[in-house]
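Enquirer: My structure is stored as target-v7.txt, with compact mmCIF, C-alpha atoms.
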# COMPACT_ATOMS: atom_id res chain seq x y z
CA MET N 1 0.00 0.00 0.00
CA ALA N 2 1.26 3.39 -0.94
CA ASN N 3 2.38 5.89 1.66
CA THR N 4 0.90 8.99 0.20
CA ILE N 5 -2.85 9.39 -0.08
CA ILE N 6 -4.68 12.49 -1.25
CA GLY N 7 -8.06 11.89 0.41
CA SER N 8 -11.42 12.49 -1.18
CA SER N 9 -12.04 15.76 0.64
CA ILE N 10 -8.69 17.28 -0.34
CA VAL N 11 -7.97 19.65 -3.23
CA ILE N 12 -4.41 20.35 -4.37
CA ASP N 13 -3.67 23.05 -6.91
CA GLY N 14 -0.02 22.99 -7.87
CA GLU N 15 2.78 20.55 -8.36
CA ILE N 16 3.43 17.13 -6.82
CA THR N 17 6.81 15.51 -7.23
CA GLY N 18 8.35 12.53 -5.55
CA GLU N 19 9.86 9.11 -5.41
CA GLU N 20 7.10 6.91 -4.06
CA ASP N 21 3.59 5.70 -4.88
CA LEU N 22 0.76 8.20 -4.81
CA VAL N 23 -2.95 7.46 -4.41
CA ILE N 24 -5.43 10.15 -5.41
CA GLN N 25 -8.99 9.98 -4.09
CA GLY N 26 -9.47 13.75 -4.14
CA THR N 27 -8.77 16.47 -6.68
CA VAL N 28 -5.37 17.47 -8.06
CA LYS N 29 -4.78 20.24 -10.60
CA GLY N 30 -1.42 21.18 -12.05
CA LYS N 31 1.42 18.77 -12.55
CA ILE N 32 2.43 15.37 -11.19
CA GLN N 33 5.92 13.98 -11.54
CA LEU N 34 6.74 10.66 -9.88
CA LYS N 35 9.36 7.94 -10.08
CA GLU N 36 6.87 5.22 -9.07
CA SER N 37 3.18 4.50 -9.53
CA LEU N 38 0.20 6.81 -9.56
CA TYR N 39 -3.25 5.48 -8.67
CA VAL N 40 -6.29 7.59 -9.48
CA GLU N 41 -9.18 5.95 -7.63
CA GLU N 42 -12.86 6.12 -8.53
CA SER N 43 -13.50 9.26 -6.50
CA GLY N 44 -10.31 10.87 -7.76
CA SER N 45 -10.19 13.68 -10.27
CA VAL N 46 -6.98 14.87 -11.89
CA GLU N 47 -6.48 17.82 -14.22
CA ALA N 48 -2.76 17.64 -14.72
CA ASP N 49 0.08 16.59 -16.91
CA ILE N 50 1.46 13.38 -15.50
CA GLU N 51 4.98 12.02 -15.77
CA THR N 52 5.56 8.75 -13.96
CA GLN N 53 6.46 5.07 -14.27
CA ASN N 54 3.02 3.45 -13.91
CA VAL N 55 -0.45 4.98 -13.96
CA ASP N 56 -3.58 3.17 -12.89
CA ILE N 57 -6.77 5.11 -13.54
CA SER N 58 -10.22 4.29 -12.18
CA GLY N 59 -11.38 7.90 -11.82
CA GLN N 60 -11.27 10.97 -14.04
CA VAL N 61 -8.15 12.35 -15.67
CA THR N 62 -7.75 15.31 -18.00
CA GLY N 63 -4.23 15.91 -19.23
CA ASN N 64 -1.33 14.28 -20.96
CA ILE N 65 0.38 11.22 -19.54
CA THR N 66 3.96 10.15 -20.13
CA ALA N 67 4.74 6.86 -18.46
CA SER N 68 8.06 5.01 -18.60
CA ASP N 69 6.37 1.63 -18.11
CA LYS N 70 2.59 1.17 -18.16
CA VAL N 71 -0.73 3.01 -18.27
CA GLU N 72 -3.88 1.15 -17.31
CA LEU N 73 -7.37 2.56 -17.89
CA LYS N 74 -9.84 0.64 -15.73
CA SER N 75 -13.45 0.04 -16.74
CA GLN N 76 -15.07 2.98 -14.87
CA CYS N 77 -12.50 5.57 -15.81
CA ARG N 78 -12.88 8.70 -17.92
CA MET N 79 -9.74 10.00 -19.52
CA VAL N 80 -9.16 12.88 -21.94
CA GLY N 81 -5.63 13.53 -23.15
CA ASP N 82 -2.68 11.98 -24.87
CA ILE N 83 -0.89 8.93 -23.54
CA LYS N 84 2.71 8.03 -24.23
CA ALA N 85 3.94 4.75 -22.76
CA PRO N 86 5.46 1.43 -23.88
CA ARG N 87 2.47 -0.51 -22.49
CA ILE N 88 -1.10 0.75 -22.50
CA LEU N 89 -4.12 -1.24 -21.34
CA ILE N 90 -7.69 -0.09 -21.83
CA ALA N 91 -10.36 -2.14 -20.10
CA ASP N 92 -13.85 -2.72 -21.50
CA GLY N 93 -16.12 0.11 -20.32
CA ALA N 94 -13.44 2.76 -20.04
CA SER N 95 -14.03 6.12 -21.76
CA PHE N 96 -11.02 7.62 -23.44
CA LYS N 97 -10.39 10.41 -25.90
CA GLY N 98 -6.90 11.24 -27.06
CA ASN N 99 -3.83 9.96 -28.81
CA VAL N 100 -1.90 6.85 -27.91
CA ASP N 101 1.82 6.66 -28.57
CA MET N 102 3.45 3.31 -27.76
CA ASP N 103 6.80 4.22 -29.29
CA VAL N 104 6.42 1.49 -31.92
CA MET T 1 -7.29 6.53 15.48
CA ALA T 2 -9.14 6.85 12.18
CA GLU T 3 -7.16 6.70 8.97
CA PRO T 4 -6.25 10.27 7.98
CA ALA T 5 -7.83 11.61 4.80
CA CYS T 6 -4.55 12.67 3.34
CA VAL T 7 -0.96 11.58 3.85
CA ILE T 8 1.96 13.24 2.08
CA GLY T 9 4.60 10.51 2.37
CA ASN T 10 8.32 10.77 2.89
CA GLY T 11 9.38 10.85 -0.75
CA ILE T 12 6.77 13.32 -1.94
CA GLN T 13 6.95 17.07 -2.50
CA VAL T 14 3.83 19.16 -3.03
CA ARG T 15 4.08 22.73 -4.30
CA GLY T 16 0.98 24.91 -4.56
CA ASN T 17 -2.35 25.23 -2.83
CA LEU T 18 -3.71 22.44 -0.69
CA SER T 19 -7.23 22.74 0.67
CA GLY T 20 -10.07 20.62 1.95
CA SER T 21 -11.65 19.00 4.96
CA GLY T 22 -10.34 15.94 6.74
CA ASP T 23 -7.05 15.37 8.46
CA LEU T 24 -3.69 15.86 6.80
CA VAL T 25 -0.41 14.21 7.78
CA VAL T 26 2.81 15.55 6.25
CA GLU T 27 5.84 13.24 6.26
CA GLY T 28 7.32 14.77 3.11
CA ARG T 29 7.54 18.34 1.95
CA VAL T 30 4.79 20.89 1.34
CA GLU T 31 5.39 24.36 -0.11
CA GLY T 32 2.76 27.00 -0.78
CA HIS T 33 -0.52 27.48 1.02
CA VAL T 34 -2.53 25.04 3.14
CA SER T 35 -6.14 25.64 4.11
CA LEU T 36 -7.90 22.89 6.06
CA GLU T 37 -11.01 22.49 8.17
CA ASP T 38 -9.58 19.86 10.50
CA HIS T 39 -6.33 18.65 11.96
CA MET T 40 -2.92 18.93 10.34
CA THR T 41 0.11 17.02 11.63
CA VAL T 42 3.69 17.65 10.52
CA GLU T 43 5.67 14.52 11.35
CA GLU T 44 9.34 14.50 12.35
CA SER T 45 10.44 13.84 8.76
CA GLY T 46 8.09 16.49 7.40
CA THR T 47 8.94 19.96 6.18
CA VAL T 48 6.33 22.63 5.61
CA VAL T 49 7.16 25.98 4.02
CA ALA T 50 3.70 27.45 3.80
CA ASP T 51 1.10 29.67 5.34
CA VAL T 52 -1.34 27.40 7.10
CA GLU T 53 -4.98 27.97 7.99
CA THR T 54 -6.49 25.11 9.94
CA LYS T 55 -8.40 24.16 13.05
CA GLU T 56 -5.67 22.27 14.84
CA LEU T 57 -1.98 21.97 14.03
CA THR T 58 0.55 19.60 15.58
CA ILE T 59 4.19 20.10 14.62
CA ASN T 60 6.89 17.48 15.16
CA GLY T 61 9.06 18.44 12.21
CA GLN T 62 10.21 21.59 10.48
CA MET T 63 7.89 24.37 9.63
CA SER T 64 8.32 27.87 8.33
CA GLY T 65 5.37 30.15 7.67
CA ASN T 66 2.48 31.83 9.35
CA VAL T 67 -0.19 29.82 11.12
CA ASP T 68 -3.79 30.82 11.72
CA ALA T 69 -5.53 28.12 13.74
CA SER T 70 -9.11 28.34 14.98
CA ASP T 71 -8.51 25.96 17.87
CA ARG T 72 -5.00 24.88 18.87
CA VAL T 73 -1.35 24.79 17.83
CA ALA T 74 1.08 22.33 19.44
CA ILE T 75 4.82 22.65 18.84
CA LEU T 76 6.30 19.42 20.15
CA GLN T 77 9.77 18.43 21.34
CA THR T 78 11.38 17.69 17.96
CA ALA T 79 9.92 20.67 16.13
CA VAL T 80 11.80 23.60 14.59
CA VAL T 81 9.38 26.39 13.74
CA THR T 82 9.71 29.93 12.44
CA GLY T 83 6.77 32.21 11.73
CA ASP T 84 3.87 33.93 13.39
CA ILE T 85 1.17 31.95 15.12
CA LYS T 86 -2.37 33.06 15.78
CA ALA T 87 -4.55 30.67 17.78
CA PRO T 88 -6.64 30.64 20.95
CA ARG T 89 -4.48 27.86 22.41
CA VAL T 90 -0.75 27.42 21.77
CA VAL T 91 1.42 24.73 23.37
CA ILE T 92 5.22 24.69 23.13
CA GLU T 93 6.93 21.64 24.58
CA ASP T 94 10.33 21.55 26.26
CA GLY T 95 13.00 21.02 23.56
CA ALA T 96 11.05 22.64 20.75
CA ARG T 97 12.65 25.52 18.86
CA PHE T 98 10.55 28.45 17.82
CA ARG T 99 11.12 31.94 16.48
CA GLY T 100 8.27 34.30 15.75
CA SER T 101 5.31 35.90 17.40
CA ILE T 102 2.32 34.33 19.10
CA GLU T 103 -1.09 35.90 19.31
CA MET T 104 -3.62 34.18 21.54
CA GLU T 105 -6.42 36.74 21.27
CA VAL T 106 -6.41 37.29 25.01
CA PRO T 107 -9.07 39.80 26.07
CA LEU T 108 -6.95 42.54 27.66
CA PRO T 109 -8.23 44.58 30.61
CA ALA T 110 -9.73 47.87 29.48
CA ASP T 111 -7.16 50.03 31.29
CA ILE T 112 -4.11 48.76 29.37
Written as structure tokens, that's how I'd like the structure from this file.

Expert:
Amino acid sequence: MANTIIGSSIVIDGEITGEEDLVIQGTVKGKIQLKESLYVEESGSVEADIETQNVDISGQVTGNITASDKVELKSQCRMVGDIKAPRILIADGASFKGNVDMDV
Amino acid sequence: MAEPACVIGNGIQVRGNLSGSGDLVVEGRVEGHVSLEDHMTVEESGTVVADVETKELTINGQMSGNVDASDRVAILQTAVVTGDIKAPRVVIEDGARFRGSIEMEVPLPADI
């Protein structure tokens, strides 16, 4: 379980950087830069450009994602933006609008 | 103790505005402005460079900025704090380091 949790009642407007997993249940606007995994849970809402290793989205994300490993869009998620990652998974039921770049 | 609503872990830096209800625990670094309706705790490993508005604030780590608390501020043994504090109740433990002003909103006698 990740150490850092942005709870559902919390709003962050700005920049988050770091070296460990981050779980978002609340709202984050701005920019996220991580060396590990980002989890956007069902209640989570992100309006930010994201640069990280793994992203796991069950909530809402607006912004561009650059991942060094994997991006996973779960079935309830809503995502608008471009994704660049070597591995991208989109589950049945997910809504997504944007470009996908797998560096083929 | 109930699970806090928000934890900023050791390896995480947040820069910008942070607001909301629910408790916040800072083990990493927060810069900018914090506005909360509940309890904020700065752990020993935590660093906060921000103006903070909250109900209750407990500081174990490093903090620099002005604090406006509606209930209570506690500066504990391991804390290093600079800034101005405004709160009805302020506690400074033995061993804590603090520089700044404290305003407790004490009703002064009329003749002063």

Enquirer: For a quick check of understanding, using all atoms listed in the file, which of T:Ser101, T:Gln77, T:Thr82, T:Thr54 has the smallest distance to His39 (chain T)?

Expert: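 Ranked by minimum distance to His39 (chain T), first place goes to T:Thr54.
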
Enquirer: Neighbouring residues of Ile50 (chain N) were defined as those with any atom within 12 Å, considering all atoms listed in the file; residues of the same chain fewer than 4 positions away were excluded. Please report them as a ChimeraX atom specification.

Expert: /N:15-17,22,28-40,46,54-57,61-68,71,81-85

Enquirer: Would you mind listing, for every residue of chain N within 8 Å of chain T, the two atoms forming the shortest contact and the distance between them in Å to one decimal, using all atoms listed in the file, sorted by chain and ascending residue number, as JSON lines?

Expert:
{"residue": "N:Asn3", "atom": "CA", "partner": "T:Gly9", "partner_atom": "CA", "distance": 5.2}
{"residue": "N:Thr4", "atom": "CA", "partner": "T:Gly9", "partner_atom": "CA", "distance": 4.6}
{"residue": "N:Ile5", "atom": "CA", "partner": "T:Val7", "partner_atom": "CA", "distance": 4.9}
{"residue": "N:Ile6", "atom": "CA", "partner": "T:Cys6", "partner_atom": "CA", "distance": 4.6}
{"residue": "N:Gly7", "atom": "CA", "partner": "T:Ala5", "partner_atom": "CA", "distance": 4.4}
{"residue": "N:Ser8", "atom": "CA", "partner": "T:Ala5", "partner_atom": "CA", "distance": 7.0}
{"residue": "N:Ser9", "atom": "CA", "partner": "T:Gly20", "partner_atom": "CA", "distance": 5.4}
{"residue": "N:Ile10", "atom": "CA", "partner": "T:Gly20", "partner_atom": "CA", "distance": 4.3}
{"residue": "N:Val11", "atom": "CA", "partner": "T:Ser19", "partner_atom": "CA", "distance": 5.0}
{"residue": "N:Ile12", "atom": "CA", "partner": "T:Leu18", "partner_atom": "CA", "distance": 4.3}
{"residue": "N:Asp13", "atom": "CA", "partner": "T:Asn17", "partner_atom": "CA", "distance": 4.8}
{"residue": "N:Gly14", "atom": "CA", "partner": "T:Gly16", "partner_atom": "CA", "distance": 4.0}
{"residue": "N:Glu15", "atom": "CA", "partner": "T:Arg15", "partner_atom": "CA", "distance": 4.8}
{"residue": "N:Ile16", "atom": "CA", "partner": "T:Val14", "partner_atom": "CA", "distance": 4.3}
{"residue": "N:Thr17", "atom": "CA", "partner": "T:Gln13", "partner_atom": "CA", "distance": 5.0}
{"residue": "N:Gly18", "atom": "CA", "partner": "T:Ile12", "partner_atom": "CA", "distance": 4.0}
{"residue": "N:Glu19", "atom": "CA", "partner": "T:Gly11", "partner_atom": "CA", "distance": 5.0}
{"residue": "N:Glu20", "atom": "CA", "partner": "T:Gly11", "partner_atom": "CA", "distance": 5.6}

Enquirer: Might you pull out every residue within 9 Å of Lys97 (chain N), with only C-alpha atoms counted and same-chain residues fewer than 2 positions away left off, and present them as a list in words?

Expert: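 What passes the distance filter is Arg78, Met79, Val80, Gly81, Asp82, Ser95 and Asn99 of chain N.
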
Enquirer: For the residues in that selection, give me C-alpha atoms as a tab-separated table (two decimals), in the frame of the given file.

Expert:
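Generated file (part39.tsv):
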chain	number	residue	atom	x	y	z
N	78	ARG	CA	-12.88	8.70	-17.92
N	79	MET	CA	-9.74	10.00	-19.52
N	80	VAL	CA	-9.16	12.88	-21.94
N	81	GLY	CA	-5.63	13.53	-23.15
N	82	ASP	CA	-2.68	11.98	-24.87
N	95	SER	CA	-14.03	6.12	-21.76
N	99	ASN	CA	-3.83	9.96	-28.81

Enquirer: Using all atoms listed in the file, which protein or nucleic acid residues come within 12 Å of region 65-68 of chain T? Drop anything in the same chain fewer than 2 positions from it, and give the result as an NGL selection string.

Expert: :T and (30-37 or 40 or 47-59 or 62-63 or 70-75 or 80-90 or 98-105)

Enquirer: Would you put the residues from that selection into a file with C-alpha atoms, as a PDB file, in the frame of the given file?

Expert:
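This is the output file again_35.pdb:
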ATOM      1  CA  VAL T  30       4.790  20.890   1.340  1.00  0.00           C
ATOM      2  CA  GLU T  31       5.390  24.360  -0.110  1.00  0.00           C
ATOM      3  CA  GLY T  32       2.760  27.000  -0.780  1.00  0.00           C
ATOM      4  CA  HIS T  33      -0.520  27.480   1.020  1.00  0.00           C
ATOM      5  CA  VAL T  34      -2.530  25.040   3.140  1.00  0.00           C
ATOM      6  CA  SER T  35      -6.140  25.640   4.110  1.00  0.00           C
ATOM      7  CA  LEU T  36      -7.900  22.890   6.060  1.00  0.00           C
ATOM      8  CA  GLU T  37     -11.010  22.490   8.170  1.00  0.00           C
ATOM      9  CA  MET T  40      -2.920  18.930  10.340  1.00  0.00           C
ATOM     10  CA  THR T  47       8.940  19.960   6.180  1.00  0.00           C
ATOM     11  CA  VAL T  48       6.330  22.630   5.610  1.00  0.00           C
ATOM     12  CA  VAL T  49       7.160  25.980   4.020  1.00  0.00           C
ATOM     13  CA  ALA T  50       3.700  27.450   3.800  1.00  0.00           C
ATOM     14  CA  ASP T  51       1.100  29.670   5.340  1.00  0.00           C
ATOM     15  CA  VAL T  52      -1.340  27.400   7.100  1.00  0.00           C
ATOM     16  CA  GLU T  53      -4.980  27.970   7.990  1.00  0.00           C
ATOM     17  CA  THR T  54      -6.490  25.110   9.940  1.00  0.00           C
ATOM     18  CA  LYS T  55      -8.400  24.160  13.050  1.00  0.00           C
ATOM     19  CA  GLU T  56      -5.670  22.270  14.840  1.00  0.00           C
ATOM     20  CA  LEU T  57      -1.980  21.970  14.030  1.00  0.00           C
ATOM     21  CA  THR T  58       0.550  19.600  15.580  1.00  0.00           C
ATOM     22  CA  ILE T  59       4.190  20.100  14.620  1.00  0.00           C
ATOM     23  CA  GLN T  62      10.210  21.590  10.480  1.00  0.00           C
ATOM     24  CA  MET T  63       7.890  24.370   9.630  1.00  0.00           C
ATOM     25  CA  SER T  70      -9.110  28.340  14.980  1.00  0.00           C
ATOM     26  CA  ASP T  71      -8.510  25.960  17.870  1.00  0.00           C
ATOM     27  CA  ARG T  72      -5.000  24.880  18.870  1.00  0.00           C
ATOM     28  CA  VAL T  73      -1.350  24.790  17.830  1.00  0.00           C
ATOM     29  CA  ALA T  74       1.080  22.330  19.440  1.00  0.00           C
ATOM     30  CA  ILE T  75       4.820  22.650  18.840  1.00  0.00           C
ATOM     31  CA  VAL T  80      11.800  23.600  14.590  1.00  0.00           C
ATOM     32  CA  VAL T  81       9.380  26.390  13.740  1.00  0.00           C
ATOM     33  CA  THR T  82       9.710  29.930  12.440  1.00  0.00           C
ATOM     34  CA  GLY T  83       6.770  32.210  11.730  1.00  0.00           C
ATOM     35  CA  ASP T  84       3.870  33.930  13.390  1.00  0.00           C
ATOM     36  CA  ILE T  85       1.170  31.950  15.120  1.00  0.00           C
ATOM     37  CA  LYS T  86      -2.370  33.060  15.780  1.00  0.00           C
ATOM     38  CA  ALA T  87      -4.550  30.670  17.780  1.00  0.00           C
ATOM     39  CA  PRO T  88      -6.640  30.640  20.950  1.00  0.00           C
ATOM     40  CA  ARG T  89      -4.480  27.860  22.410  1.00  0.00           C
ATOM     41  CA  VAL T  90      -0.750  27.420  21.770  1.00  0.00           C
ATOM     42  CA  PHE T  98      10.550  28.450  17.820  1.00  0.00           C
ATOM     43  CA  ARG T  99      11.120  31.940  16.480  1.00  0.00           C
ATOM     44  CA  GLY T 100       8.270  34.300  15.750  1.00  0.00           C
ATOM     45  CA  SER T 101       5.310  35.900  17.400  1.00  0.00           C
ATOM     46  CA  ILE T 102       2.320  34.330  19.100  1.00  0.00           C
ATOM     47  CA  GLU T 103      -1.090  35.900  19.310  1.00  0.00           C
ATOM     48  CA  MET T 104      -3.620  34.180  21.540  1.00  0.00           C
ATOM     49  CA  GLU T 105      -6.420  36.740  21.270  1.00  0.00           C
TER      50      GLU T 105
END

Enquirer: If you count all atoms listed in the file, which residues fall within 6 Å of Ala96 (chain T), apart from same-chain ones fewer than 4 positions away, as an mmCIF file with C-alpha atoms, in the coordinates of the input?

Expert:
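Final output, saved to out03.cif:
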data_model
loop_
_atom_site.group_PDB
_atom_site.id
_atom_site.type_symbol
_atom_site.label_atom_id
_atom_site.label_comp_id
_atom_site.auth_asym_id
_atom_site.auth_seq_id
_atom_site.Cartn_x
_atom_site.Cartn_y
_atom_site.Cartn_z
ATOM 1 C CA LEU T 76 6.300 19.420 20.150
ATOM 2 C CA GLN T 77 9.770 18.430 21.340
ATOM 3 C CA THR T 78 11.380 17.690 17.960
ATOM 4 C CA ALA T 79 9.920 20.670 16.130
#

Enquirer: If I take CA of Thr52 (chain N) and CA of Glu43 (chain T), how far is one from the other in Å, to one decimal?

Expert: 26.0 Å

Enquirer: What is the CA of Gly26 (chain N) to CA of Ala94 (chain N) distance in Å?

Expert: 19.7 Å

Enquirer: Just to confirm, what's the straight-line distance from CA of Val104 (chain N) to CA of Ala91 (chain N) in Å (one decimal)?

Expert: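 So the answer is 20.8 Å.
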